[in-house]
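A quick write-up on the structure given underneath.
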Amino acid sequence: METSTPLGLKVFGAPNVVEDEIDQYLSKQDGKIYRSRDPQLCRHGPLGKCVHCVPLEPFDEDYLNHLEPPVKHMSFHAYIRKLTGGADKGKFVALENISCKIKSGCEGHLPWPNGICTKCQPSAITLNRQKYRHVDNIMFENHTVADRFLDFWRKTGNQHFGYLYGRYTEHKDIPLGIRAEVAAIYEPPQIGTQNSLELLADPKAEVVDEIAAKLGLRKVGWIFTDLVSEDTRKGTVRYSRNKDTYFLSSEECITAGDFQNKHPNICRLSPDGHFGSKFVTAVATGGPDNQVHFEGYQVSNQCMALVRDECLLPCKDAPELGYAKESSSEQYVPDVFYKDIDKFGNEITQLARPLPVEYLIIDITTTFPKDPVYTFSISQNPFPIENRDVLGETQDFHSLATYLSQNTSSVFLDTISDFHLLLFLVTNEVMPLQDSISLLLEAVRTRNEELAQTWKKSEQWATIEQLCSTVGVQLPGLHEYGAIGGSTHATTAAMWACQHCTFMNQPGTGHCEMCSLPRT
C-alpha cells in the first residue's frame, strides 16, 4: 500500500535534492504494522477494528521492545513518520544539522577571540543516545566475502582494513528499515601490525568507485579486524570488546564520524540537503564464545558534528573515553555535556572532559543469509586480492594467466565475474581497459552471458590473452577467439611482445612503443 507525501514536508526542506532509491521507495510505503483480529480480546465483527487489532505506527516503541531480539532504535523513516504525524502533517518539520562553529557575518563586534555574542555563538551540546538509526542491518551476501578478508589476518596475524561495496535495500524485519548488503570488500593500500592500522594514499580510489557504480554497487561502509589469537590449536580468539571494556574506541569513533561526514545521507527535509549518513562500520573481533564475530555500528549525528568541526579528541591511555576540546584563540568550542547517574541514583550533568564514547555509538545487527547470494562468482582458485604484496599475492598477468588456466568454465561470465579481477583489468599499468570495459561491466551487472561473449571477441580481450601467453602459461581455448571473433594465429604471427615490458606491439616496428627498447 502506498501513500502520498504530504505537501507540507517541502516547506522547510530542500525539495530539489534527489534522495537515494531506497529512501524514495520507503517514503511511499504505508509502514503501518497490521495486526489480525484477536479471538479473545476483540468483541467486534470481522470488518471492525479496536485497540487490540488496530494497525500500529512504525515508531511504536512498545512493539519494537517486544520484538525478538528487542529493537532499541527505530528506523530513520519511522522517525520521519513520527515527526510528520499529527494534525499539522509535518508542515514545520526541518531536520537541521548541528554546527559547532561560530556563525559568520556578525558585524557587531570584533571576530573571535576578541569578541563573540549570542547571535553567532554556537549552542552548548548535551549528548543524548540517538533514538533512531539510518541503517538497521548489515548483511554479507555470503561467507566467502568475509572469509577472504579474514585470510589476511589468518596468514599474517596483522590487523586489516577494507571498504564495503554493496547496495541499500529494504530490511523487512523492522518497520521501514534499511539494510546494507555487502557484495565485495576492496582493500586499499595500508600498513597493518598486530595492534595498529595505517591507511596510505590510494591513487585508484576514484576508479574503484566508478567501476563499482557501473556494477550497480556503491561504498556502503568500512570494515577492520581486531583479532588476537588465544589458542592456535583450538582456533579461538580473544574476547576483548565487551561492556567491561569498550565496543568502539574513541579513535575508531572519530574515524567512523569522518567517514560518515564524507558520505552524507541525502534528505529532502534538511535545509542543507543532507542529514546523517548511511555509511556503516563493521568490526571483525572475538565474541563471547571466543570465535570470530562481526559487529556493526554507526556513530550518532552529534558525534558527526563534533568530528566535522574538530571538537573531539581521543584519550591516549583510555580507548573507551573521548575528550571535548577546550576553546583556544584559534577556535571556539561550545561546551559539551552528558547526563549520568551518581552513586545516590540522581541524574547529573557532566562536562564531557572526558567523555564515555558509548553516548556516541549506535549498534547495528550484522548477519549472513540462510540462502547465500552471489553478485560475483565463487571459484576454488580465486584471483588474488589487491594490495596484498606482503603475502606474496600479486596482481599481474602471470596471476591472471594462472587464474584463467585454472578456471575453465564454459560460461565466460562465471570466469570473469570477480570484483578484484575486474579492478585489475581496469587499473593495471600495462594495458588498462578503463575506456573499453563498460560492455563487460554491464554484462556482469545484468548476468548476461551474450554480452560477455560479445566482449570476449573484442580486440582488447585478444590482447589480454596474448599478454597472458607471454608469461609462459598456455590458456585453454586461446585459439578459439581473437579480434572480432576471428582466429588468433594471424594476430600471434603479426604482433610481437616486448621482452622487457610485455607490451604487444604492431608488426613492422623494431622498437617497443611503450618502453622504446629494441625488439631483440
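Every chain in the C-alpha cells takes a letter, A first, then B, and so on in the order presented; its residues are numbered from 1, and the ligands are numbered from 1 following the presented order.
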
message: Applying 12 Å and only C-alpha atoms, which residues near Asp258 (chain A) remain after dropping the ones on its own chain fewer than 4 positions away? List them as number ranges by chain.
response: A: 221-222, 251-254, 262-264, 276-277, 279-281, 298-301, 303-310, 312

Output the selection as a short mmCIF file (atom, residue, chain, number, x, y, z; two decimals), in the first residue's frame - C-alpha atoms for each residue.
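Output saved as result-v9.cif:
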```cif
data_model
loop_
_atom_site.label_atom_id
_atom_site.label_comp_id
_atom_site.auth_asym_id
_atom_site.auth_seq_id
_atom_site.Cartn_x
_atom_site.Cartn_y
_atom_site.Cartn_z
CA GLY A 221 30.83 1.19 4.83
CA TRP A 222 34.23 0.12 6.14
CA GLU A 251 39.83 6.83 17.72
CA GLU A 252 37.52 4.43 15.87
CA CYS A 253 34.51 6.65 16.65
CA ILE A 254 36.34 9.66 15.24
CA LYS A 262 32.30 12.17 3.72
CA HIS A 263 29.25 10.06 2.77
CA PRO A 264 26.20 12.10 3.90
CA GLY A 276 23.14 11.98 8.94
CA SER A 277 24.72 9.14 6.97
CA PHE A 279 27.82 4.70 6.00
CA VAL A 280 28.34 1.77 8.40
CA THR A 281 31.23 0.41 10.45
CA GLN A 298 27.36 3.79 13.37
CA VAL A 299 28.08 6.96 15.32
CA SER A 300 25.36 9.48 16.11
CA ASN A 301 24.72 12.71 14.25
CA CYS A 303 29.34 12.71 17.01
CA MET A 304 29.48 13.51 13.29
CA ALA A 305 29.14 17.23 14.10
CA LEU A 306 31.85 17.10 16.79
CA VAL A 307 34.21 15.31 14.39
CA ARG A 308 33.42 17.56 11.43
CA ASP A 309 34.13 20.73 13.44
CA GLU A 310 37.23 19.21 15.07
CA LEU A 312 36.53 15.73 19.68
#
```

task: Identify, on the basis of only C-alpha atoms, every residue whose closest approach to region 200-204 of chain A does not exceed 12 Å; exclude the query and any residue fewer than 2 positions from it along the same chain; express the result as an NGL selection string.
output: :A and (161 or 186-192 or 197-198 or 206-211 or 386-387 or 423-424 or 426-429 or 434)

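As for CA of Ile361 (chain A) and CA of Gly85 (chain A), they are spaced 27.4 Å apart.
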
Would you give me, as CSV, each residue of region 238-351 of chain A having an atom within 10 Å of an atom of region 145-160 of chain A, along with its shortest atom pair and that distance in Å to one decimal, using only C-alpha atoms and sorting by chain and residue number?
```
residue,atom,partner,partner_atom,distance
A:Ala284,CA,A:Leu150,CA,8.3
A:Val292,CA,A:Leu150,CA,9.4
A:Phe294,CA,A:Ala146,CA,9.2
```

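Interatomic distance, CA of Lys49 (chain A) to CA of Leu67 (chain A): 22.8 Å.
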
task: List every residue of region 318-501 of chain A that DSSP, applied to the backbone of this structure, places in helix (DSSP H, G or I), and write the result as a ChimeraX atom specification.
output: /A:357-359,389-391,397-406,412-416,419-427,438-446,449-456,459-469,483-485,489-494

Shell around Leu41 (chain A) at 12 Å using only C-alpha atoms, local window under 5 positions removed, as a list in words: Ser36, Lys49, Cys50, Val51, His52 and Cys53 of chain A

Find the nearest atom pair between each residue of region 323-437 of chain A and region 448-454 of chain A for residues within 10 Å, count only C-alpha atoms, give distances in Å to one decimal, sort rows by chain and ascending number, and present the table as JSON lines.
```
{"residue": "A:Val411", "atom": "CA", "partner": "A:Glu449", "partner_atom": "CA", "distance": 7.3}
{"residue": "A:Phe412", "atom": "CA", "partner": "A:Gln453", "partner_atom": "CA", "distance": 6.8}
{"residue": "A:Leu413", "atom": "CA", "partner": "A:Glu449", "partner_atom": "CA", "distance": 5.6}
{"residue": "A:Asp414", "atom": "CA", "partner": "A:Glu449", "partner_atom": "CA", "distance": 8.7}
{"residue": "A:Ile416", "atom": "CA", "partner": "A:Ala452", "partner_atom": "CA", "distance": 8.6}
{"residue": "A:Ser417", "atom": "CA", "partner": "A:Ala452", "partner_atom": "CA", "distance": 9.8}
```

Save the residues we just selected, all heavy atoms, as a CSV table (one decimal), in the first residue's frame?
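What follows is the written file part.csv:
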```
chain,number,residue,atom,x,y,z
A,411,VAL,N,31.2,-21.2,-19.3
A,411,VAL,CA,30.5,-20.0,-19.2
A,411,VAL,C,31.5,-18.9,-18.9
A,411,VAL,O,32.0,-18.8,-17.8
A,411,VAL,CB,29.4,-20.0,-18.2
A,411,VAL,CG1,28.6,-18.7,-18.1
A,411,VAL,CG2,28.4,-21.2,-18.4
A,412,PHE,N,31.8,-18.0,-19.9
A,412,PHE,CA,32.8,-17.0,-19.7
A,412,PHE,C,32.4,-16.0,-18.6
A,412,PHE,O,33.2,-15.5,-17.9
A,412,PHE,CB,33.0,-16.3,-21.0
A,412,PHE,CG,34.0,-15.1,-21.0
A,412,PHE,CD1,35.3,-15.3,-20.7
A,412,PHE,CD2,33.5,-13.8,-21.1
A,412,PHE,CE1,36.2,-14.3,-20.7
A,412,PHE,CE2,34.4,-12.8,-21.1
A,412,PHE,CZ,35.8,-13.0,-20.8
A,413,LEU,N,31.1,-15.7,-18.5
A,413,LEU,CA,30.6,-14.8,-17.5
A,413,LEU,C,31.0,-15.2,-16.1
A,413,LEU,O,31.4,-14.4,-15.2
A,413,LEU,CB,29.1,-14.6,-17.6
A,413,LEU,CG,28.5,-13.6,-16.7
A,413,LEU,CD1,29.0,-12.2,-17.0
A,413,LEU,CD2,26.9,-13.6,-16.8
A,414,ASP,N,30.9,-16.6,-15.8
A,414,ASP,CA,31.3,-17.1,-14.5
A,414,ASP,C,32.8,-16.9,-14.2
A,414,ASP,O,33.2,-16.6,-13.1
A,414,ASP,CB,30.9,-18.6,-14.4
A,414,ASP,CG,29.4,-18.8,-14.3
A,414,ASP,OD1,28.7,-17.8,-14.0
A,414,ASP,OD2,29.0,-19.9,-14.6
A,416,ILE,N,34.8,-14.5,-15.5
A,416,ILE,CA,35.2,-13.1,-15.4
A,416,ILE,C,34.5,-12.3,-14.3
A,416,ILE,O,34.9,-11.2,-14.0
A,416,ILE,CB,34.9,-12.4,-16.8
A,416,ILE,CG1,35.8,-11.2,-17.0
A,416,ILE,CG2,33.4,-12.0,-16.9
A,416,ILE,CD1,37.3,-11.6,-17.3
A,417,SER,N,33.4,-12.9,-13.7
A,417,SER,CA,32.7,-12.2,-12.7
A,417,SER,C,33.4,-12.3,-11.3
A,417,SER,O,33.0,-13.0,-10.4
A,417,SER,CB,31.3,-12.8,-12.5
A,417,SER,OG,30.5,-12.5,-13.7
```

query: For the atom pair CA of Met514 (chain A) and CA of Ser399 (chain A), what is the interatomic distance in Å to one decimal place?
result: 21.7 Å

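Taking only C-alpha atoms, the non-local environment of Phe140 (chain A) within 8 Å (same-chain residues fewer than 6 positions away omitted) comprises Ala146, Glu181, Val182, Ala183, Thr366, Thr367, Phe368 and Pro369 of chain A.
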
query: If we count only C-alpha atoms, what is near Ser379 (chain A) at a cut-off of 9 Å, once residues fewer than 4 positions away on the same chain are taken out, given as a count of residues only?
result: 5

- request: Find the residues near Asp317 (chain A): any atom within 12 Å, counting only C-alpha atoms, skip ones fewer than 5 places away on the same chain, and give them as a PyMOL selection string.
  value: chain A and resi 249-251+322-323+354

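Remark: for Asn16 (chain A), the closest of the candidate residues A:Cys501, A:Leu56, A:Leu355, A:Leu269 is A:Leu269 (distances computed over only C-alpha atoms).
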
task: List every residue of region 253-438 of chain A that DSSP, applied to the backbone of this structure, assigns to strand (DSSP E), and report them as a PyMOL selection string.
output: chain A and resi 264-266+274-277+280-286+292-299+312-314+321-324+336-341+347-351+355-356+361-367

message: I'd like the neighbourhood of Arg133 (chain A) as a ChimeraX atom specification, where a residue qualifies if any of its atoms comes within 12 Å (using only C-alpha atoms), though same-chain residues fewer than 3 positions away should be ignored.
response: /A:71-80,129-130,136-137,174,176-179,265,275-280,296-301,360-365

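Distances here use only C-alpha atoms; by that measure, the residue among A:Ser516, A:Gln29, A:Ser327, A:Gln406 closest to Ile102 (chain A) is A:Ser327.
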
task: May I ask which of the residues A:Leu391, A:Leu517, A:Leu440, A:Cys267 is the closest one to Val17 (chain A), counting only C-alpha atoms?
output: A:Cys267
